[in-house]
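Student: You'll find run32.txt just under this line, and it carries compact mmCIF, C-alpha atoms.
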# COMPACT_ATOMS: atom_id res chain seq x y z
CA MET A 1 27.85 -29.74 -8.76
CA VAL A 2 25.04 -27.27 -9.50
CA GLN A 3 25.14 -24.12 -7.37
CA TYR A 4 22.31 -21.74 -6.59
CA ILE A 5 22.22 -18.12 -5.40
CA GLN A 6 19.59 -15.42 -4.71
CA CYS A 7 18.53 -13.23 -7.64
CA SER A 8 19.20 -9.52 -7.28
CA THR A 9 15.61 -8.61 -8.18
CA VAL A 10 14.13 -9.66 -4.85
CA GLU A 11 13.46 -8.01 -1.51
CA ALA A 12 13.21 -10.23 1.56
CA THR A 13 12.00 -9.48 5.05
CA GLN A 14 11.61 -11.54 8.21
CA LEU A 15 8.43 -11.27 10.27
CA ASP A 16 8.48 -13.36 13.43
CA GLU A 17 9.53 -16.87 12.31
CA GLU A 18 8.55 -16.43 8.68
CA TRP A 19 10.08 -14.78 5.64
CA ILE A 20 8.37 -12.84 2.86
CA ILE A 21 10.17 -12.66 -0.48
CA LEU A 22 8.98 -10.06 -2.99
CA HIS A 23 10.12 -10.34 -6.61
CA THR A 24 10.23 -6.66 -7.57
CA GLU A 25 9.91 -7.20 -11.33
CA ASN A 26 7.47 -10.11 -11.58
CA PHE A 27 5.61 -8.83 -8.53
CA THR A 28 5.19 -12.19 -6.82
CA VAL A 29 5.16 -12.70 -3.06
CA THR A 30 6.48 -15.92 -1.51
CA LYS A 31 6.16 -16.89 2.15
CA LEU A 32 8.80 -19.16 3.68
CA ASN A 33 8.65 -20.91 7.03
CA GLU A 34 11.52 -20.79 9.54
CA ILE A 35 13.58 -23.52 7.88
CA GLY A 36 12.92 -22.12 4.40
CA GLY A 37 14.00 -18.74 5.71
CA PHE A 38 17.19 -20.21 7.17
CA CYS A 39 18.06 -21.69 3.76
CA TRP A 40 17.13 -18.40 2.10
CA GLY A 41 19.68 -16.61 4.28
CA LEU A 42 22.36 -19.08 3.19
CA LEU A 43 21.50 -18.53 -0.46
CA ASN A 44 22.92 -15.02 -0.42
CA GLN A 45 26.07 -16.97 -1.24
CA ALA A 46 26.35 -19.84 -3.72
CA GLN A 47 25.02 -23.10 -2.30
CA THR A 48 24.64 -26.67 -3.51
CA VAL A 49 21.96 -29.14 -2.43
CA ASP A 50 24.57 -30.91 -0.33
CA SER A 51 25.85 -27.73 1.34
CA LEU A 52 22.27 -26.79 2.31
CA VAL A 53 21.59 -30.27 3.70
CA GLN A 54 24.80 -30.06 5.72
CA SER A 55 24.04 -26.58 7.08
CA LEU A 56 20.52 -27.66 8.05
CA SER A 57 21.86 -30.75 9.80
CA ASP A 58 24.28 -28.56 11.77
CA GLN A 59 21.62 -25.95 12.64
CA TYR A 60 18.73 -28.26 13.45
CA VAL A 61 20.40 -31.17 15.20
CA ALA A 62 17.07 -32.37 16.50
CA MET A 63 15.79 -33.06 13.00
CA GLU A 64 16.06 -36.77 12.40
CA GLU A 65 16.69 -36.67 8.71
CA ILE A 66 16.94 -33.88 6.22
CA SER A 67 15.92 -35.18 2.84
CA THR A 68 17.89 -34.22 -0.25
CA ARG A 69 14.62 -34.51 -2.12
CA ASP A 70 13.00 -31.88 0.14
CA ILE A 71 15.85 -29.46 -0.51
CA GLU A 72 15.66 -30.09 -4.27
CA SER A 73 11.92 -29.47 -4.17
CA TYR A 74 12.45 -26.24 -2.19
CA LEU A 75 15.06 -25.03 -4.67
CA LEU A 76 12.83 -25.91 -7.63
CA GLY A 77 10.09 -23.78 -6.10
CA LEU A 78 12.43 -20.82 -5.68
CA LEU A 79 13.73 -21.30 -9.24
CA HIS A 80 10.17 -21.42 -10.58
CA PHE A 81 9.43 -18.00 -9.09
CA ARG A 82 12.86 -16.72 -10.20
CA LEU A 83 13.92 -15.95 -6.65
CA ILE A 84 17.19 -17.85 -7.12
CA GLN A 85 19.33 -18.66 -10.14
CA HIS A 86 22.05 -21.08 -11.12
CA VAL A 87 25.58 -19.88 -10.53
CA ILE A 88 27.39 -19.87 -13.84
CA MET B 1 -11.24 28.52 -12.95
CA LYS B 2 -8.73 29.94 -10.49
CA ILE B 3 -6.00 29.12 -7.99
CA LEU B 4 -6.83 26.88 -5.03
CA HIS B 5 -4.52 26.50 -2.03
CA THR B 6 -5.16 23.42 0.09
CA LYS B 7 -3.52 20.85 2.31
CA ILE B 8 -3.54 17.08 1.85
CA GLY B 9 -1.85 15.05 4.60
CA ASP B 10 0.72 17.56 5.81
CA HIS B 11 1.52 18.78 2.30
CA PHE B 12 0.59 22.19 0.92
CA ILE B 13 -0.84 21.83 -2.58
CA GLN B 14 -1.53 24.63 -5.04
CA PHE B 15 -3.97 23.95 -7.88
CA GLU B 16 -3.85 26.27 -10.87
CA ASN B 17 -6.76 26.57 -13.26
CA ALA B 18 -8.81 24.67 -10.68
CA PRO B 19 -12.40 23.83 -11.72
CA LEU B 20 -15.21 24.50 -9.23
CA TYR B 21 -15.40 20.79 -8.46
CA LEU B 22 -12.04 20.96 -6.68
CA PHE B 23 -13.33 23.70 -4.38
CA LYS B 24 -15.97 21.23 -3.17
CA MET B 25 -13.47 18.40 -2.84
CA PHE B 26 -10.72 20.28 -0.99
CA ARG B 27 -10.81 22.74 1.90
CA GLU B 28 -9.48 26.09 0.70
CA LEU B 29 -6.84 27.57 2.97
CA ALA B 30 -7.65 31.09 4.07
CA GLU B 31 -4.02 32.15 3.89
CA ALA B 32 -1.93 31.30 0.86
CA ASN B 33 1.42 32.24 2.36
CA HIS B 34 2.82 28.71 2.43
CA GLN B 35 5.39 27.56 -0.11
CA PRO B 36 3.54 24.74 -1.93
CA ASP B 37 5.09 21.27 -1.73
CA LEU B 38 3.38 20.49 -5.04
CA THR B 39 1.85 22.75 -7.71
CA VAL B 40 -0.68 21.15 -10.03
CA THR B 41 -2.07 22.70 -13.22
CA ILE B 42 -5.42 21.30 -14.36
CA GLN B 43 -6.77 20.93 -17.91
CA LEU B 44 -10.13 19.34 -18.70
CA ASP B 45 -11.65 17.89 -21.93
CA PHE B 46 -8.80 15.41 -22.42
CA GLY B 47 -8.97 11.91 -23.86
CA VAL B 48 -11.99 9.60 -23.92
CA PRO B 49 -14.41 8.39 -21.20
CA PHE B 50 -13.27 5.84 -18.60
CA LEU B 51 -12.50 2.43 -20.13
CA ASN B 52 -10.64 0.54 -17.39
CA ASP B 53 -8.25 1.00 -14.45
CA ASP B 54 -5.08 0.32 -16.45
CA VAL B 55 -2.52 3.06 -15.84
CA ARG B 56 0.65 3.15 -17.90
CA GLU B 57 3.66 4.58 -16.08
CA ASP B 58 6.41 5.97 -18.27
CA ARG B 59 9.57 7.35 -16.70
CA GLN B 60 11.78 9.70 -18.68
CA ALA B 61 14.95 11.38 -17.38
CA ASP B 62 13.19 14.51 -16.17
CA ARG B 63 9.49 13.57 -16.27
CA ILE B 64 7.11 10.82 -15.22
CA TYR B 65 3.90 10.19 -17.14
CA PHE B 66 0.83 8.31 -15.85
CA ARG B 67 -1.60 7.59 -18.67
CA ARG B 68 -5.13 6.23 -18.51
CA SER B 69 -7.76 6.48 -21.24
CA ASP B 70 -9.43 9.37 -19.44
CA TYR B 71 -6.42 11.18 -17.93
CA LEU B 72 -2.78 12.06 -18.29
CA VAL B 73 -0.60 13.07 -15.33
CA GLU B 74 2.76 14.59 -16.13
CA VAL B 75 5.10 15.14 -13.19
CA GLU B 76 8.57 16.62 -13.19
CA ALA B 77 11.10 14.27 -11.62
CA ALA B 78 11.45 16.16 -8.31
CA PHE B 79 7.65 15.97 -7.78
CA GLN B 80 7.24 19.72 -7.26
CA TYR B 81 5.21 20.47 -10.40
CA ALA B 82 2.59 18.42 -12.18
CA GLU B 83 0.05 18.84 -14.96
CA ILE B 84 -3.18 16.89 -15.09
CA SER B 85 -5.29 16.57 -18.22
CA ALA B 86 -8.58 14.83 -17.55
CA TYR B 87 -11.74 13.93 -19.43
CA ASP B 88 -14.22 14.79 -16.66
CA GLU B 89 -14.58 15.17 -12.89
CA LEU B 90 -14.33 11.44 -12.19
CA ALA B 91 -11.18 11.19 -14.28
CA LEU B 92 -9.75 14.23 -12.47
CA LYS B 93 -10.42 12.65 -9.06
CA HIS B 94 -8.69 9.42 -10.09
CA ALA B 95 -5.79 11.36 -11.59
CA LEU B 96 -5.39 13.28 -8.31
CA ILE B 97 -5.41 10.03 -6.33
CA ASN B 98 -2.80 8.65 -8.75
CA LEU B 99 -0.67 11.80 -8.37
CA TYR B 100 -0.89 12.11 -4.59
CA SER B 101 -0.28 8.40 -3.93
CA SER B 102 2.86 8.46 -6.12
CA PHE B 103 3.91 11.80 -4.53
CA ILE B 104 3.91 10.37 -0.99
CA VAL B 105 5.74 7.22 -2.11
CA HIS B 106 8.32 9.38 -3.93
CA HIS B 107 9.01 11.15 -0.63
CA GLY B 108 8.85 7.94 1.43
CA TRP B 109 6.20 9.75 3.49
CA GLY B 110 3.46 7.15 3.59
CA LEU B 111 0.80 5.24 1.69
CA LEU B 112 -2.68 5.69 0.29
CA LEU B 113 -4.70 2.60 1.13
CA HIS B 114 -7.91 1.23 -0.39
CA SER B 115 -9.95 1.41 2.81
CA SER B 116 -12.31 3.38 4.98
CA CYS B 117 -11.18 4.69 8.35
CA VAL B 118 -13.19 5.50 11.48
CA ILE B 119 -12.24 7.36 14.68
CA GLU B 120 -12.98 5.67 18.01
CA ASN B 121 -11.60 6.79 21.39
CA GLY B 122 -8.87 8.92 19.82
CA GLU B 123 -7.57 6.20 17.52
CA ALA B 124 -8.06 5.49 13.83
CA HIS B 125 -9.36 2.08 12.77
CA ILE B 126 -9.06 1.00 9.15
CA PHE B 127 -11.58 -1.21 7.32
CA THR B 128 -10.34 -2.83 4.16
CA GLY B 129 -11.01 -5.88 2.01
CA HIS B 130 -11.54 -6.94 -1.56
CA SER B 131 -13.90 -4.97 -3.79
CA GLY B 132 -17.44 -5.31 -2.43
CA ALA B 133 -16.33 -6.63 0.99
CA GLY B 134 -18.02 -3.74 2.75
CA LYS B 135 -15.53 -0.90 3.26
CA SER B 136 -18.16 1.78 2.66
CA THR B 137 -20.82 -0.27 4.46
CA ALA B 138 -18.64 -0.51 7.58
CA ALA B 139 -18.09 3.25 7.40
CA VAL B 140 -21.83 3.95 7.12
CA LEU B 141 -22.63 1.48 9.95
CA SER B 142 -20.08 3.24 12.17
CA PHE B 143 -22.22 6.39 12.42
CA PRO B 144 -22.15 8.56 14.59
CA ARG B 145 -18.39 8.01 14.82
CA ASN B 146 -16.40 10.43 12.64
CA LEU B 147 -14.71 9.21 9.48
CA LEU B 148 -11.25 9.96 8.18
CA SER B 149 -11.92 8.24 4.86
CA ASP B 150 -14.51 6.16 3.04
CA GLU B 151 -12.40 4.75 0.20
CA ALA B 152 -8.81 6.08 0.32
CA THR B 153 -6.99 6.36 3.65
CA ILE B 154 -3.97 8.67 3.94
CA LEU B 155 -1.45 6.98 6.22
CA LYS B 156 1.83 8.60 7.28
CA ILE B 157 4.55 6.15 8.31
CA SER B 158 7.55 7.63 10.07
CA ALA B 159 9.99 6.47 12.75
CA GLY B 160 7.67 3.76 13.92
CA LYS B 161 4.64 6.08 14.06
CA MET B 162 1.49 5.40 12.03
CA GLU B 163 -0.77 8.43 11.68
CA VAL B 164 -3.98 8.82 9.70
CA PHE B 165 -5.00 12.13 8.11
CA ASN B 166 -8.45 13.15 6.97
CA SER B 167 -8.85 12.17 3.32
CA PRO B 168 -10.43 14.49 0.75
CA PHE B 169 -10.63 11.57 -1.69
CA ARG B 170 -14.20 10.48 -0.95
CA SER B 171 -16.64 8.11 -2.61
CA GLU B 172 -20.03 8.56 -0.91
CA ILE B 173 -19.59 10.20 2.48
CA PRO B 174 -18.35 13.81 2.28
CA SER B 175 -15.48 14.89 4.50
CA GLY B 176 -16.48 16.53 7.77
CA GLY B 177 -13.30 18.61 7.60
CA GLU B 178 -11.55 16.78 10.47
CA GLU B 179 -8.16 18.43 10.95
CA THR B 180 -6.72 16.34 13.81
CA VAL B 181 -4.27 13.55 12.99
CA PHE B 182 -4.99 10.21 14.69
CA PRO B 183 -2.69 7.30 15.56
CA LEU B 184 -3.60 4.10 13.73
CA GLY B 185 -5.00 1.61 16.24
CA SER B 186 -5.95 -1.37 14.10
CA ILE B 187 -6.74 -2.67 10.63
CA GLN B 188 -9.76 -4.86 9.92
CA VAL B 189 -9.94 -7.01 6.77
CA LEU B 190 -13.68 -7.33 6.15
CA HIS B 191 -15.70 -10.46 5.43
CA GLN B 192 -19.49 -10.28 5.55
CA SER B 193 -20.85 -13.00 7.81
CA LEU B 194 -23.87 -14.11 9.85
CA GLN B 195 -21.97 -13.59 13.09
CA ASN B 196 -19.28 -11.27 14.35
CA GLN B 197 -15.78 -12.60 14.92
CA ARG B 198 -12.37 -10.94 14.93
CA ILE B 199 -9.21 -13.03 14.42
CA ILE B 200 -5.72 -11.56 14.50
CA LEU B 201 -3.49 -12.35 11.53
CA PRO B 202 0.13 -13.50 11.80
CA LYS B 203 2.48 -10.69 10.77
CA SER B 204 3.50 -12.43 7.54
CA ASP B 205 -0.15 -12.82 6.48
CA SER B 206 -0.79 -9.21 7.52
CA LEU B 207 1.89 -8.04 5.12
CA ILE B 208 0.63 -10.22 2.26
CA THR B 209 -2.95 -9.09 2.88
CA MET B 210 -2.05 -5.41 2.68
CA ILE B 211 0.03 -5.62 -0.51
CA ASP B 212 -2.93 -5.20 -2.86
CA LYS B 213 -4.54 -2.54 -0.66
CA VAL B 214 -1.90 0.01 -1.68
CA PHE B 215 -3.20 2.40 -4.36
CA TYR B 216 0.11 2.90 -6.10
CA TRP B 217 2.90 0.43 -6.78
CA SER B 218 5.64 2.13 -8.78
CA ASN B 219 7.35 0.22 -11.57
CA LEU B 220 10.64 1.48 -10.14
CA PRO B 221 12.36 -1.26 -8.05
CA ALA B 222 13.71 1.32 -5.57
CA HIS B 223 10.18 2.59 -4.95
CA LYS B 224 8.86 -0.96 -4.59
CA LYS B 225 11.38 -1.42 -1.79
CA VAL B 226 10.21 1.83 -0.15
CA ILE B 227 6.59 0.62 -0.27
CA LEU B 228 7.50 -2.85 0.99
CA ASP B 229 9.51 -1.36 3.88
CA MET B 230 6.54 0.79 4.88
CA LEU B 231 4.19 -2.22 4.74
CA VAL B 232 6.63 -4.24 6.87
CA GLU B 233 6.72 -1.41 9.41
CA MET B 234 2.93 -1.39 9.42
CA ALA B 235 2.67 -5.18 9.82
CA LYS B 236 5.11 -5.03 12.74
CA LYS B 237 3.47 -2.14 14.58
CA VAL B 238 -0.26 -2.41 13.93
CA PRO B 239 -2.51 -5.39 14.70
CA ILE B 240 -4.31 -6.58 11.56
CA TYR B 241 -7.43 -8.71 11.93
CA ASN B 242 -9.86 -10.68 9.80
CA LEU B 243 -13.21 -9.19 10.81
CA PHE B 244 -16.25 -11.33 10.05
CA PHE B 245 -19.17 -8.96 10.53
CA GLN B 246 -22.93 -8.75 10.44
CA LYS B 247 -24.38 -5.82 8.54
CA ASP B 248 -25.15 -3.80 11.66
CA ASN B 249 -23.03 -1.84 14.11
CA THR B 250 -22.48 -4.68 16.64
CA PHE B 251 -19.01 -5.46 15.22
CA TRP B 252 -17.77 -2.38 17.11
CA GLU B 253 -18.11 -4.39 20.34
CA LEU B 254 -15.10 -6.41 19.12
CA ILE B 255 -12.99 -3.32 18.37
CA SER B 256 -13.59 -0.75 21.10
Kindly present the structure from the file in structure tokens form.
Tutor:
Amino acid sequence: MVQYIQCSTVEATQLDEEWIILHTENFTVTKLNEIGGFCWGLLNQAQTVDSLVQSLSDQYVAMEEISTRDIESYLLGLLHFRLIQHVI
Amino acid sequence: MKILHTKIGDHFIQFENAPLYLFKMFRELAEANHQPDLTVTIQLDFGVPFLNDDVREDRQADRIYFRRSDYLVEVEAAFQYAEISAYDELALKHALINLYSSFIVHHGWGLLLHSSCVIENGEAHIFTGHSGAGKSTAAVLSFPRNLLSDEATILKISAGKMEVFNSPFRSEIPSGGEETVFPLGSIQVLHQSLQNQRIILPKSDSLITMIDKVFYWSNLPAHKKVILDMLVEMAKKVPIYNLFFQKDNTFWELIS
């Protein structure tokens, strides 16, 4: 199972319900909404798609369905901007 | 060419071999009995005329170099001594802005922001925006209010306090020599429009908006974190607005 974790070259800060992630080498800025920020917090330790889906289901019980595809898409976005990496 | 003692922000600066131009730009202190926070030696007739804004930052163990086609700034690592070699007066001004903005980031003291700043009812109000958005225009239209800056605002950020100092780094409107420090009341991001409207930005958008308004972003990750932390503090404490404004002074009705 592929695992993901935050890169060490980022600085993250929470402002109200949103998160701002600054990549300090590539100098990109990424804004995450509340749920994206919740997942970001989890990614300070190794996570799989399934573990994120499970944690989201536990945290946001009101959400009808958390799509694996949504989480994969979210992780792909973070990978693209080199905010997370695969755990080797 | 002689020694000039001055103050920028709350820092005492000593210029050695200062050309006459600097005596117009900076207020000379009558008494030179302060230990300078930074001593700067000036050399002119360096390099070639201005080509572009690209500055190369090169960090050695004991020195930092900022190189542009028309200037070279060499700073010792503790930021107490610096040498500036510049092609002409314009290059010297830009080199000084480069040096002072990196100096205040080095000390975690504050930021130099691309903006004008106007005093109203005891508070400082910043006007910023992309190039050509109207920073200088807003400053001119704000007359007879006093200005703290017309292109580069000196902002001190400490323990939750945001304070604006009079800036000697001017573009068109000379400094009136204001010596009082003013709390920062608001930031306006300018957009020229046919009608006036002011809309507050969410804090996350405030932070993103201000990132490219900082004069100096170090290539050192630790300094990037210092700058980011100061911007976060600013976004949390100061309301930042999109200001759509007509080119007259009526936009002040939305601020004061």
Student: As a list in words, could you give me every residue of chain B near chain A (at most 7 Å apart, counting only C-alpha atoms)?
Tutor: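 Residues of chain B within 7 Å of chain A, counting only C-alpha atoms: Lys203, Ser204, Pro221, Lys224 and Lys225 of chain B.
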Student: Give me the residues near A:Gln54 as a PyMOL selection string, where near means some atom within 9 Å (using only C-alpha atoms) and where sequence neighbours in that chain fewer than 5 positions away do not count.
Tutor: chain A and resi 49+59+66
Student: Atoms to include: C-alpha atoms. Write the selected residues as a CSV table (one decimal), keeping the file's coordinate frame.
Tutor:
chain,number,residue,atom,x,y,z
A,49,VAL,CA,22.0,-29.1,-2.4
A,59,GLN,CA,21.6,-26.0,12.6
A,66,ILE,CA,16.9,-33.9,6.2
Student: Could you pull the residues within 9 Å of stretch 131-133 of chain B, counting all atoms listed in the file, minus those fewer than 2 positions along the same chain, as a PDB file with C-alpha atoms, keeping the file's coordinate frame?
Tutor:
ATOM      1  CA  THR B 128     -10.340  -2.830   4.160  1.00  0.00           C
ATOM      2  CA  GLY B 129     -11.010  -5.880   2.010  1.00  0.00           C
ATOM      3  CA  LYS B 135     -15.530  -0.900   3.260  1.00  0.00           C
ATOM      4  CA  SER B 136     -18.160   1.780   2.660  1.00  0.00           C
ATOM      5  CA  THR B 137     -20.820  -0.270   4.460  1.00  0.00           C
ATOM      6  CA  VAL B 189      -9.940  -7.010   6.770  1.00  0.00           C
ATOM      7  CA  LEU B 190     -13.680  -7.330   6.150  1.00  0.00           C
ATOM      8  CA  HIS B 191     -15.700 -10.460   5.430  1.00  0.00           C
ATOM      9  CA  GLN B 192     -19.490 -10.280   5.550  1.00  0.00           C
TER      10      GLN B 192
END
Student: Could you give me, as number ranges by chain, the residues that sit within 7 Å of (1.8, 22.3, -6.2) in the file's coordinates, counting all atoms listed in the file?
Tutor: B: 13-15, 36-40, 80-81
Student: Skipping near chain neighbours, those fewer than 2 positions away, what residues fall within 12 Å of B:Leu201 using all atoms listed in the file, listed as a PyMOL selection string?
Tutor: chain B and resi 186-189+198-199+203-210+235-236+238-243
